[in-house]
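With CSV, C-alpha atoms inside, this is run-v4.csv:
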chain,number,residue,atom,x,y,z
A,1,MET,CA,0.0,0.0,0.0
A,2,GLY,CA,1.4,3.3,-1.0
A,3,ARG,CA,0.5,6.9,-0.2
A,4,ALA,CA,1.1,10.4,-1.5
A,5,ASN,CA,4.0,12.2,0.0
A,6,SER,CA,4.1,15.9,0.9
A,7,TRP,CA,5.8,16.8,-2.5
A,8,ALA,CA,3.0,15.1,-4.4
A,9,VAL,CA,0.5,17.1,-2.4
A,10,LYS,CA,2.2,20.3,-3.3
A,11,ALA,CA,2.3,19.3,-6.9
A,12,PHE,CA,-1.4,18.6,-6.8
A,13,LEU,CA,-2.1,21.9,-5.0
A,14,GLY,CA,-0.2,23.7,-7.7
A,15,LYS,CA,-2.5,22.1,-10.3
A,16,VAL,CA,-5.6,23.0,-8.3
A,17,TYR,CA,-4.5,26.7,-8.0
A,18,TYR,CA,-3.7,26.6,-11.7
A,19,LYS,CA,-7.2,25.4,-12.6
A,20,MET,CA,-8.8,28.0,-10.3
A,21,ALA,CA,-6.8,30.8,-11.9
A,22,ALA,CA,-7.5,29.6,-15.4
A,23,LEU,CA,-11.2,29.7,-14.5
A,24,GLY,CA,-10.9,33.3,-13.4
A,25,ILE,CA,-11.3,32.5,-9.7
A,26,ASP,CA,-9.2,35.1,-7.9
A,27,ALA,CA,-6.8,34.7,-10.8
A,28,ALA,CA,-3.9,37.0,-9.7
A,29,ALA,CA,-3.6,35.3,-6.3
A,30,ASN,CA,-4.0,31.8,-7.6
A,31,TRP,CA,-1.4,32.2,-10.4
A,32,GLN,CA,1.0,33.2,-7.6
A,33,ASN,CA,-0.2,30.3,-5.3
A,34,ALA,CA,0.3,27.9,-8.2
A,35,LYS,CA,3.8,29.3,-8.7
A,36,ASN,CA,4.7,28.9,-5.0
A,37,MET,CA,3.6,25.2,-5.0
A,38,PHE,CA,5.4,24.3,-8.3
A,39,ASP,CA,8.5,26.2,-7.3
A,40,ALA,CA,8.7,24.3,-4.1
A,41,VAL,CA,8.5,20.9,-5.9
A,42,TYR,CA,10.8,22.0,-8.7
A,43,THR,CA,13.6,23.2,-6.4
A,44,SER,CA,13.3,20.1,-4.1
A,45,HIS,CA,14.7,17.9,-6.9
A,46,VAL,CA,12.5,15.1,-5.7
A,47,TYR,CA,11.2,14.4,-9.2
A,48,SER,CA,13.0,14.4,-12.5
A,49,LEU,CA,12.2,13.5,-16.1
A,50,GLU,CA,12.7,9.9,-17.2
A,51,PRO,CA,15.5,9.8,-19.7
A,52,LYS,CA,13.4,8.0,-22.3
A,53,PHE,CA,9.7,8.7,-22.8
A,54,ALA,CA,8.8,5.1,-23.6
A,55,ASN,CA,10.3,3.9,-20.2
A,56,LEU,CA,7.3,5.5,-18.5
A,57,PHE,CA,4.9,3.0,-20.0
A,58,GLY,CA,6.5,-0.4,-19.7
A,59,GLU,CA,5.5,-3.3,-17.5
A,60,TYR,CA,5.1,-2.6,-13.8
A,61,VAL,CA,6.9,0.8,-13.9
A,62,SER,CA,7.0,1.7,-10.2
A,63,THR,CA,10.3,3.4,-9.5
A,64,SER,CA,10.4,6.3,-12.0
A,65,LYS,CA,11.4,9.6,-10.5
A,66,GLU,CA,9.0,11.2,-12.9
A,67,SER,CA,6.0,9.7,-11.3
A,68,ILE,CA,4.2,12.1,-8.9
A,69,PHE,CA,1.2,9.8,-8.4
A,70,GLN,CA,0.3,6.5,-10.0
A,71,MET,CA,-1.9,3.5,-9.6
A,72,ASN,CA,0.0,0.2,-9.1
A,73,TYR,CA,-1.7,-3.1,-9.9
A,74,SER,CA,-1.0,-6.8,-9.4
A,75,THR,CA,-1.8,-9.9,-11.6
A,76,GLY,CA,-0.5,-12.3,-9.0
A,77,ASN,CA,-3.8,-12.8,-7.2
A,78,ALA,CA,-7.1,-13.5,-9.0
A,79,ASN,CA,-8.9,-11.7,-6.2
A,80,GLY,CA,-6.5,-8.8,-6.1
A,81,CYS,CA,-6.4,-5.5,-7.8
A,82,TYR,CA,-5.3,-5.7,-11.4
A,83,ASN,CA,-5.3,-3.4,-14.4
A,84,ARG,CA,-8.1,-4.4,-16.9
A,85,GLY,CA,-7.7,-1.2,-18.9
A,86,SER,CA,-5.4,-2.5,-21.6
A,87,ASN,CA,-7.9,-5.1,-23.0
A,88,ARG,CA,-10.3,-2.3,-23.9
A,89,PHE,CA,-7.7,-0.2,-25.6
A,90,ALA,CA,-5.9,-2.9,-27.5
A,91,PRO,CA,-6.9,-4.2,-30.9
A,92,GLN,CA,-8.5,-7.6,-31.1
A,93,ALA,CA,-6.0,-10.5,-31.5
A,94,SER,CA,-3.0,-8.2,-30.8
A,95,THR,CA,-1.8,-9.6,-27.5
A,96,SER,CA,-1.6,-12.9,-25.6
A,97,GLY,CA,-4.7,-11.8,-23.6
A,98,ILE,CA,-8.3,-11.0,-24.5
A,99,ASN,CA,-8.9,-7.7,-26.3
A,100,TRP,CA,-12.0,-5.8,-27.2
A,101,SER,CA,-10.8,-3.0,-29.5
A,102,THR,CA,-13.3,-0.6,-27.8
A,103,TYR,CA,-11.4,2.7,-27.8
A,104,ARG,CA,-9.4,4.1,-30.8
A,105,VAL,CA,-7.8,7.4,-31.7
A,106,ALA,CA,-9.5,9.8,-34.0
A,107,LYS,CA,-7.5,10.4,-37.1
A,108,PHE,CA,-7.4,14.2,-36.5
A,109,ALA,CA,-5.7,13.6,-33.1
A,110,TYR,CA,-3.0,11.5,-34.7
A,111,ASP,CA,-2.5,14.0,-37.5
A,112,MET,CA,-2.2,16.9,-35.0
A,113,HIS,CA,0.9,15.2,-33.5
A,114,GLU,CA,2.4,14.0,-36.8
A,115,GLY,CA,1.8,17.3,-38.4
A,116,THR,CA,3.3,19.3,-35.5
A,117,TYR,CA,6.4,17.3,-34.9
A,118,PRO,CA,7.3,14.9,-37.8
A,119,GLY,CA,9.7,12.3,-36.5
A,120,ASP,CA,8.9,12.9,-32.9
A,121,PRO,CA,9.8,9.7,-31.0
A,122,ARG,CA,6.7,10.1,-28.8
A,123,ILE,CA,4.5,9.3,-31.8
A,124,ASP,CA,5.4,5.6,-31.7
A,125,VAL,CA,4.7,5.6,-28.0
A,126,ASN,CA,1.4,7.5,-28.0
A,127,PHE,CA,-0.1,5.6,-30.9
A,128,LEU,CA,-0.2,1.9,-31.6
A,129,THR,CA,-0.2,1.6,-35.4
A,130,LYS,CA,1.7,-1.7,-36.1
A,131,TRP,CA,1.8,-5.1,-34.3
A,132,ARG,CA,2.6,-8.7,-35.0
A,133,ALA,CA,-0.4,-10.7,-36.4
A,134,ARG,CA,-1.9,-13.4,-34.2
A,135,ASN,CA,-4.4,-16.2,-34.8
A,136,GLY,CA,-6.9,-14.7,-32.3
A,137,ASN,CA,-7.4,-13.5,-28.8
A,138,ASN,CA,-5.6,-15.4,-26.0
A,139,GLN,CA,-2.9,-16.7,-28.3
A,140,ALA,CA,0.5,-17.0,-26.5
A,141,ASN,CA,2.5,-16.5,-29.6
A,142,PRO,CA,2.1,-14.5,-32.8
A,143,LYS,CA,1.5,-16.2,-36.2
A,144,PRO,CA,4.6,-17.8,-37.7
A,145,GLN,CA,6.8,-15.8,-40.0
A,146,VAL,CA,6.0,-16.4,-43.6
A,147,GLY,CA,9.6,-16.1,-44.7
A,148,THR,CA,13.2,-15.9,-43.4
A,149,ALA,CA,12.7,-12.5,-41.8
A,150,LEU,CA,9.9,-10.5,-40.3
A,151,CYS,CA,8.1,-8.4,-42.9
A,152,ALA,CA,4.8,-6.7,-43.5
A,153,ASN,CA,3.2,-10.1,-44.2
A,154,ASP,CA,3.6,-11.0,-40.5
A,155,SER,CA,2.0,-7.9,-39.1
A,156,VAL,CA,-1.1,-5.7,-38.9
A,157,CYS,CA,-1.1,-1.9,-39.5
A,158,THR,CA,-3.5,0.9,-39.0
A,159,TYR,CA,-3.9,4.5,-40.0
A,160,PRO,CA,-1.8,6.3,-41.3
A,161,TYR,CA,-0.2,3.1,-42.6
A,162,TRP,CA,-1.6,0.5,-45.1
A,163,LYS,CA,-0.3,-2.6,-46.8
A,164,ILE,CA,0.2,-3.1,-50.5
A,165,LYS,CA,0.6,-6.6,-52.0
A,166,TYR,CA,3.0,-7.1,-54.9
A,167,THR,CA,2.0,-9.5,-57.6
A,168,ASP,CA,5.5,-9.9,-59.1
A,169,MET,CA,7.5,-10.3,-55.9
A,170,THR,CA,7.5,-13.1,-53.3
A,171,VAL,CA,8.7,-13.2,-49.7
A,172,PRO,CA,12.2,-14.6,-49.4
A,173,GLY,CA,12.2,-18.1,-48.0
A,174,SER,CA,8.4,-18.5,-48.3
A,175,ASN,CA,6.3,-20.9,-50.4
A,176,ASN,CA,5.7,-18.3,-53.1
A,177,VAL,CA,3.8,-15.9,-50.8
A,178,ASN,CA,3.3,-12.5,-52.5
A,179,MET,CA,5.4,-9.8,-50.8
A,180,GLU,CA,3.5,-7.1,-48.9
A,181,VAL,CA,5.0,-3.7,-48.0
A,182,ILE,CA,3.7,-1.0,-45.6
A,183,ALA,CA,3.0,2.5,-47.1
A,184,LYS,CA,2.3,5.7,-45.1
A,185,MET,CA,0.3,8.8,-45.8
A,186,PRO,CA,2.5,11.3,-47.6
A,187,TYR,CA,2.5,14.0,-44.9
A,188,ALA,CA,5.4,16.0,-46.5
A,189,GLU,CA,3.2,16.5,-49.6
A,190,PHE,CA,0.3,18.2,-47.7
A,191,PRO,CA,0.0,22.0,-47.5
A,192,ASN,CA,-1.0,21.4,-43.8
A,193,PRO,CA,0.3,18.1,-42.5
A,194,LYS,CA,-2.2,18.3,-39.6
A,195,ASN,CA,-5.0,17.9,-42.2
A,196,PRO,CA,-4.2,15.5,-45.1
A,197,SER,CA,-5.5,17.0,-48.3
A,198,LEU,CA,-7.8,14.8,-50.3
A,199,SER,CA,-6.9,16.6,-53.6
A,200,VAL,CA,-3.3,15.9,-53.1
A,201,CYS,CA,-4.1,12.2,-52.5
A,202,ASP,CA,-6.4,12.0,-55.5
A,203,ASN,CA,-3.7,13.5,-57.7
A,204,TYR,CA,-0.7,11.7,-56.2
A,205,GLU,CA,-0.3,9.2,-59.1
A,206,ALA,CA,-0.5,12.0,-61.7
A,207,THR,CA,2.1,14.0,-59.8
A,208,HIS,CA,4.6,11.2,-59.0
A,209,GLY,CA,4.0,8.6,-61.7
A,210,ALA,CA,2.4,5.2,-61.6
A,211,SER,CA,3.8,2.6,-59.1
A,212,PRO,CA,2.2,0.2,-56.6
A,213,TYR,CA,2.7,2.8,-53.9
A,214,ASN,CA,1.5,5.9,-55.8
A,215,SER,CA,-1.6,4.3,-57.4
A,216,SER,CA,-2.7,3.2,-54.0
A,217,VAL,CA,-2.8,6.6,-52.2
A,218,ALA,CA,-6.3,7.7,-53.3
A,219,LYS,CA,-7.7,4.2,-52.7
A,220,ALA,CA,-6.1,4.0,-49.2
A,221,VAL,CA,-7.5,7.4,-48.2
A,222,ASN,CA,-11.0,6.5,-49.3
A,223,ASP,CA,-10.8,3.2,-47.5
A,224,PHE,CA,-9.7,5.0,-44.3
A,225,ALA,CA,-12.8,7.2,-44.5
A,226,LYS,CA,-15.2,4.3,-44.9
A,227,THR,CA,-17.1,3.0,-41.9
A,228,GLY,CA,-16.3,-0.3,-40.2
A,229,ASN,CA,-12.9,-1.9,-40.2
A,230,ALA,CA,-11.0,-1.5,-36.9
A,231,GLU,CA,-7.7,-1.2,-38.8
A,232,LYS,CA,-8.7,2.3,-40.0
A,233,TRP,CA,-7.8,4.0,-36.7
A,234,PRO,CA,-4.7,4.0,-34.6
A,235,TYR,CA,-4.9,2.9,-31.0
A,236,PHE,CA,-3.6,4.3,-27.7
A,237,GLY,CA,-0.1,2.9,-27.5
A,238,LYS,CA,0.7,3.7,-23.8
A,239,LEU,CA,-1.9,1.2,-22.6
A,240,TYR,CA,-0.9,-1.6,-24.9
A,241,ASP,CA,0.4,-4.7,-23.1
A,242,GLN,CA,1.5,-7.4,-25.6
A,243,THR,CA,2.0,-10.0,-22.8
A,244,GLN,CA,-1.1,-9.4,-20.7
A,245,THR,CA,-2.7,-12.4,-19.1
A,246,GLY,CA,-6.4,-12.8,-19.9
A,247,THR,CA,-7.8,-9.4,-19.3
A,248,MET,CA,-5.1,-8.5,-16.8
A,249,ALA,CA,-2.4,-6.1,-18.0
A,250,HIS,CA,1.1,-5.7,-16.6
A,251,LYS,CA,0.8,-1.9,-16.6
A,252,ASN,CA,0.8,0.5,-13.7
A,253,LEU,CA,-1.1,3.7,-14.5
A,254,MET,CA,0.5,7.2,-14.5
A,255,VAL,CA,-2.0,9.6,-13.0
A,256,TYR,CA,0.2,12.7,-12.6
A,257,ARG,CA,3.8,13.0,-13.6
A,258,TYR,CA,6.6,15.6,-13.6
A,259,ALA,CA,6.4,16.5,-17.3
A,260,GLU,CA,2.8,17.5,-16.8
A,261,MET,CA,3.8,19.7,-13.8
A,262,LEU,CA,6.6,21.3,-15.8
A,263,LEU,CA,4.2,22.3,-18.6
A,264,LEU,CA,1.6,23.6,-16.2
A,265,MET,CA,4.4,25.5,-14.3
A,266,ALA,CA,5.5,27.0,-17.6
A,267,ASP,CA,2.0,28.3,-18.2
A,268,VAL,CA,2.0,29.9,-14.7
A,269,TYR,CA,5.3,31.7,-15.3
A,270,ASN,CA,4.0,32.9,-18.7
A,271,GLU,CA,0.9,34.3,-17.0
A,272,LEU,CA,3.0,36.1,-14.5
A,273,GLY,CA,5.1,37.8,-17.2
A,274,ASP,CA,8.2,35.6,-17.3
A,275,THR,CA,7.8,34.2,-20.8
A,276,PRO,CA,11.6,33.3,-21.1
A,277,LYS,CA,11.3,31.0,-18.0
A,278,ALA,CA,8.1,29.5,-19.4
A,279,ILE,CA,9.9,28.6,-22.7
A,280,SER,CA,12.9,27.2,-20.7
A,281,LEU,CA,10.6,24.9,-18.8
A,282,ALA,CA,8.8,23.7,-21.9
A,283,ASN,CA,12.2,23.0,-23.6
A,284,GLU,CA,13.1,20.6,-20.8
A,285,VAL,CA,10.2,18.4,-21.8
A,286,LEU,CA,11.0,18.8,-25.6
A,287,ALA,CA,14.6,17.9,-25.0
A,288,ARG,CA,13.7,14.7,-23.3
A,289,ALA,CA,11.3,13.8,-26.2
A,290,ARG,CA,14.1,14.3,-28.8
A,291,LYS,CA,16.4,11.9,-27.0
A,292,SER,CA,13.7,9.2,-26.6
A,293,GLY,CA,14.3,7.3,-29.8
A,294,ALA,CA,17.1,4.9,-30.8
A,295,VAL,CA,18.9,8.0,-32.1
A,296,SER,CA,18.3,11.6,-31.3
A,297,SER,CA,15.6,13.3,-33.4
A,298,ALA,CA,15.4,16.9,-34.8
A,299,GLN,CA,11.8,17.1,-33.5
A,300,PRO,CA,10.3,18.4,-31.3
A,301,ALA,CA,12.7,21.3,-31.7
A,302,ASP,CA,13.2,23.9,-28.9
A,303,TRP,CA,10.9,26.8,-28.9
A,304,SER,CA,12.3,30.2,-30.0
A,305,ALA,CA,13.1,32.8,-27.4
A,306,SER,CA,11.2,35.3,-29.5
A,307,LEU,CA,7.8,33.8,-28.9
A,308,THR,CA,5.2,36.1,-27.5
A,309,LYS,CA,3.1,35.4,-24.3
A,310,GLU,CA,0.0,34.6,-26.4
A,311,GLN,CA,2.0,32.2,-28.7
A,312,VAL,CA,3.5,30.4,-25.7
A,313,THR,CA,0.0,30.0,-24.1
A,314,GLU,CA,-1.3,28.3,-27.2
A,315,LYS,CA,1.8,26.2,-27.8
A,316,LEU,CA,1.7,25.0,-24.1
A,317,TYR,CA,-2.0,24.1,-24.5
A,318,PHE,CA,-1.3,21.8,-27.5
A,319,GLU,CA,2.0,20.5,-26.0
A,320,ARG,CA,0.2,19.1,-23.0
A,321,ILE,CA,-2.3,17.3,-25.3
A,322,ILE,CA,0.6,15.8,-27.2
A,323,GLU,CA,2.7,14.8,-24.2
A,324,LEU,CA,-0.2,13.4,-22.2
A,325,CYS,CA,-2.1,11.7,-25.1
A,326,GLY,CA,-3.9,8.6,-23.8
A,327,GLU,CA,-3.2,9.3,-20.1
A,328,PRO,CA,-5.8,10.1,-17.4
A,329,SER,CA,-5.0,13.8,-17.4
A,330,ILE,CA,-6.0,14.2,-21.1
A,331,TYR,CA,-9.7,14.9,-20.2
A,332,ASP,CA,-8.6,17.9,-18.2
A,333,MET,CA,-5.9,19.1,-20.6
A,334,VAL,CA,-8.2,19.7,-23.5
A,335,ARG,CA,-10.6,21.7,-21.3
A,336,ILE,CA,-8.3,23.3,-18.8
A,337,ARG,CA,-8.0,26.6,-20.7
A,338,GLY,CA,-11.8,27.1,-21.2
A,339,THR,CA,-13.8,27.4,-24.3
A,340,VAL,CA,-11.4,29.5,-26.4
A,341,TYR,CA,-8.7,26.9,-26.5
A,342,PHE,CA,-11.1,24.0,-26.4
A,343,LYS,CA,-12.6,25.4,-29.6
A,344,LYS,CA,-9.1,25.6,-31.2
A,345,PHE,CA,-8.6,21.9,-30.5
A,346,LEU,CA,-12.0,20.8,-31.7
A,347,GLU,CA,-11.6,22.8,-34.9
A,348,LEU,CA,-9.0,20.2,-35.9
A,349,ASN,CA,-11.9,17.8,-36.0
A,350,THR,CA,-14.4,20.0,-37.8
A,351,THR,CA,-12.0,21.0,-40.6
A,352,HIS,CA,-10.3,17.6,-41.0
A,353,GLU,CA,-10.9,16.5,-44.6
A,354,LEU,CA,-10.9,12.8,-43.8
A,355,THR,CA,-13.3,13.3,-40.9
A,356,ILE,CA,-15.6,15.3,-43.1
A,357,LEU,CA,-15.5,12.5,-45.7
A,358,GLY,CA,-16.1,9.9,-43.0
A,359,GLU,CA,-19.2,11.8,-41.8
A,360,LYS,CA,-20.6,11.7,-45.4
A,361,ASN,CA,-20.0,8.0,-45.6
A,362,TYR,CA,-21.6,7.4,-42.2
A,363,THR,CA,-25.0,8.7,-43.3
A,364,SER,CA,-25.2,6.0,-46.0
A,365,SER,CA,-23.9,3.1,-43.8
A,366,VAL,CA,-25.4,0.8,-41.3
A,367,ASN,CA,-22.1,0.5,-39.5
A,368,ASN,CA,-21.6,2.8,-36.4
A,369,PHE,CA,-17.8,3.0,-36.6
A,370,ALA,CA,-16.7,6.2,-38.3
A,371,ASP,CA,-14.9,9.4,-37.6
A,372,ARG,CA,-17.7,11.9,-36.9
A,373,LEU,CA,-17.9,15.7,-36.8
A,374,LEU,CA,-18.6,16.9,-33.3
A,375,ASN,CA,-22.0,18.5,-33.0
A,376,ASN,CA,-22.3,18.2,-36.8
A,377,GLY,CA,-19.4,20.5,-37.1
A,378,SER,CA,-21.0,23.4,-35.2
A,379,LEU,CA,-18.9,24.5,-32.3
A,380,THR,CA,-21.4,26.8,-30.6
A,381,ASP,CA,-20.7,28.4,-27.2
A,382,ASP,CA,-23.4,26.3,-25.6
A,383,PHE,CA,-21.9,23.1,-27.0
A,384,LEU,CA,-18.4,24.1,-25.8
A,385,LYS,CA,-19.5,25.2,-22.3
A,386,LYS,CA,-21.5,22.0,-21.8
A,387,ASN,CA,-18.6,19.8,-22.9
A,388,LEU,CA,-16.3,21.5,-20.4
A,389,LEU,CA,-18.3,19.6,-17.7
A,390,LEU,CA,-18.2,16.0,-16.6
A,391,PRO,CA,-20.9,13.8,-18.1
A,392,ILE,CA,-23.9,13.0,-16.0
A,393,PRO,CA,-23.9,9.3,-15.2
A,394,THR,CA,-26.8,7.3,-16.8
A,395,SER,CA,-27.8,6.0,-13.3
A,396,GLU,CA,-28.4,9.7,-12.2
A,397,ILE,CA,-30.4,10.4,-15.4
A,398,ASP,CA,-32.5,7.3,-14.7
A,399,ALA,CA,-33.1,8.2,-11.1
A,400,ASN,CA,-34.1,11.8,-11.9
A,401,PRO,CA,-37.2,12.1,-14.2
A,402,GLY,CA,-36.4,15.7,-14.9
A,403,LEU,CA,-33.1,14.8,-16.7
A,404,THR,CA,-32.8,13.3,-20.1
A,405,ASN,CA,-29.8,12.2,-22.2
A,406,ASN,CA,-30.0,15.6,-23.9
A,407,ASP,CA,-28.8,17.0,-20.6
A,408,ASN,CA,-25.6,15.0,-20.8
A,409,ASN,CA,-22.3,16.7,-21.8
A,410,PHE,CA,-21.3,14.8,-24.8
A,411,GLY,CA,-23.3,16.8,-27.3
A,412,TYR,CA,-23.9,13.9,-29.8
Let me see the structure of the file written as structure tokens.
Amino acid sequence: MGRANSWAVKAFLGKVYYKMAALGIDAAANWQNAKNMFDAVYTSHVYSLEPKFANLFGEYVSTSKESIFQMNYSTGNANGCYNRGSNRFAPQASTSGINWSTYRVAKFAYDMHEGTYPGDPRIDVNFLTKWRARNGNNQANPKPQVGTALCANDSVCTYPYWKIKYTDMTVPGSNNVNMEVIAKMPYAEFPNPKNPSLSVCDNYEATHGASPYNSSVAKAVNDFAKTGNAEKWPYFGKLYDQTQTGTMAHKNLMVYRYAEMLLLMADVYNELGDTPKAISLANEVLARARKSGAVSSAQPADWSASLTKEQVTEKLYFERIIELCGEPSIYDMVRIRGTVYFKKFLELNTTHELTILGEKNYTSSVNNFADRLLNNGSLTDDFLKKNLLLPIPTSEIDANPGLTNNDNNFGY
């Protein structure tokens, strides 16, 4: 049994004061209160960033100095407390346990990260887009290799990747199995990489010449926008546990960690007029991200010292969404700055060309799986304000005749 120490309490108090200030509750005093709490934790050196981003999300991570508060689980006792989250977030037949493929990542959310920081090592941690193929759920081992080395034929991939089968090439060492390769959305070709352009995809072959890859871009994009197939969306990679037992994952859950505190602390300094300090704190998180791959990456690059206060506020808002994707804090992080920034985030959905195409396909399909436009693409003040709130539990709606599902906070 563990418990929060005094430094964790200070870090949480800093977050509470931050939220109060952001809501306009005695803002001047609470920005300062938040700074006092964060400063105390920061100068104590009790916490520090994990050297590699992916190390935070391995099996039974329990000794990381980045962890301010986490939930630890056990799979050693059938009657004990164990993590059953992974099975809902993992694709079916992707682990040795039982998976339900319940929750997936909207394409616009993936594209926000890829389009902001191409090559960021955190992308492969935040999003599960490729895994070894298995015969089904609860299979201890993946399917056998089809040739002398692992290849696309042995794996499954999701957006923004797809597989192309060659008719004139076979897998080395196989019994004449046609070779498959994995292709990826051509982000470098898009005017706005956060929003893949359908016109660019439709004209890709004409621009680049015919080839198995080029002639498949338009088809792949249209397939991604159709309803149904679970392989059309990425999954939340931080919760993926390839070796889970049954529905029990070998994952402890990060609830609040030092990187989140640093990004909140940066916002506080920015609000109090010290934008250079805010940029420095954010750059600590970005520097760790760059060093988190097998080799150092150019992205995410440090922020320029010439950024204005308003630019830093917006960049910090989106940086927290990227850094904390798929973690418990993400519900707060998209709402923590109120309707103005919440709208900026949701506009990525309502302007996303693939999402718009998916919405059109949805109306003519009997399948419920599709990317949808939130509130039919209308981000009204009422919709935004309602969705800043926690949803009302169905049990409460059922117990109160005056409430209906229309009172809930989802808006769709």
* To do: Please provide as a ChimeraX atom specification all residues within 8 Å of segment 205-213 of chain A, with the sequence filter that same-chain residues fewer than 2 positions apart are discarded (counting only C-alpha atoms).
  => /A:164,166,183,202-203,215-217
* Selected residue, from A:Val61, A:Val268, A:Leu263, A:Val221, that lies nearest to Ile322 of chain A when counting only C-alpha atoms ->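 Counting only C-alpha atoms, the residue closest to Ile322 of chain A is A:Leu263.
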Would you write out, as JSON lines, a table of all residues in segment 216-335 of chain A that have an atom no more than 10 Å from an atom of segment 146-159 of chain A, listing for each the closest atom pair and the distance in Å to one decimal, considering only C-alpha atoms and ordering rows by chain and rising residue number?
{"residue": "A:Ala220", "atom": "CA", "partner": "A:Tyr159", "partner_atom": "CA", "distance": 9.5}
{"residue": "A:Val221", "atom": "CA", "partner": "A:Tyr159", "partner_atom": "CA", "distance": 9.4}
{"residue": "A:Phe224", "atom": "CA", "partner": "A:Tyr159", "partner_atom": "CA", "distance": 7.2}
{"residue": "A:Asn229", "atom": "CA", "partner": "A:Thr158", "partner_atom": "CA", "distance": 9.9}
{"residue": "A:Ala230", "atom": "CA", "partner": "A:Thr158", "partner_atom": "CA", "distance": 8.1}
{"residue": "A:Glu231", "atom": "CA", "partner": "A:Thr158", "partner_atom": "CA", "distance": 4.7}
{"residue": "A:Lys232", "atom": "CA", "partner": "A:Tyr159", "partner_atom": "CA", "distance": 5.3}
{"residue": "A:Trp233", "atom": "CA", "partner": "A:Tyr159", "partner_atom": "CA", "distance": 5.1}
{"residue": "A:Pro234", "atom": "CA", "partner": "A:Tyr159", "partner_atom": "CA", "distance": 5.5}
{"residue": "A:Tyr235", "atom": "CA", "partner": "A:Thr158", "partner_atom": "CA", "distance": 8.4}
* Smallest atom-to-atom distance to Phe12 of chain A: which of A:Val255, A:Asn137, A:Tyr60, A:Arg335, using only C-alpha atoms? ->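 Closest candidate: A:Val255.
For the pair atom CA of Gly402 of chain A and atom CA of Gly377 of chain A, the separation is 28.4 Å.
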* **Spatial neighbours of segment 273-277 of chain A, 8 Å, only C-alpha atoms, chain gap at least 6 places, as a list of chain:residue names** =>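 What passes the distance filter is A:Ala266, A:Ala305, A:Thr308, A:Lys309, A:Val312.
Between Trp131 of chain A and the candidates A:Arg290, A:Lys143, A:Lys343, A:Arg372, the tightest atom-to-atom separation, counting all atoms listed in the file, involves A:Lys143.
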* Selected residue of minimal separation from Thr63 of chain A among A:Phe38, A:Tyr17, A:Tyr103, A:Tyr47, counting all atoms listed in the file ->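 When distances to Thr63 of chain A are compared using all atoms listed in the file, the smallest one comes from A:Tyr47.
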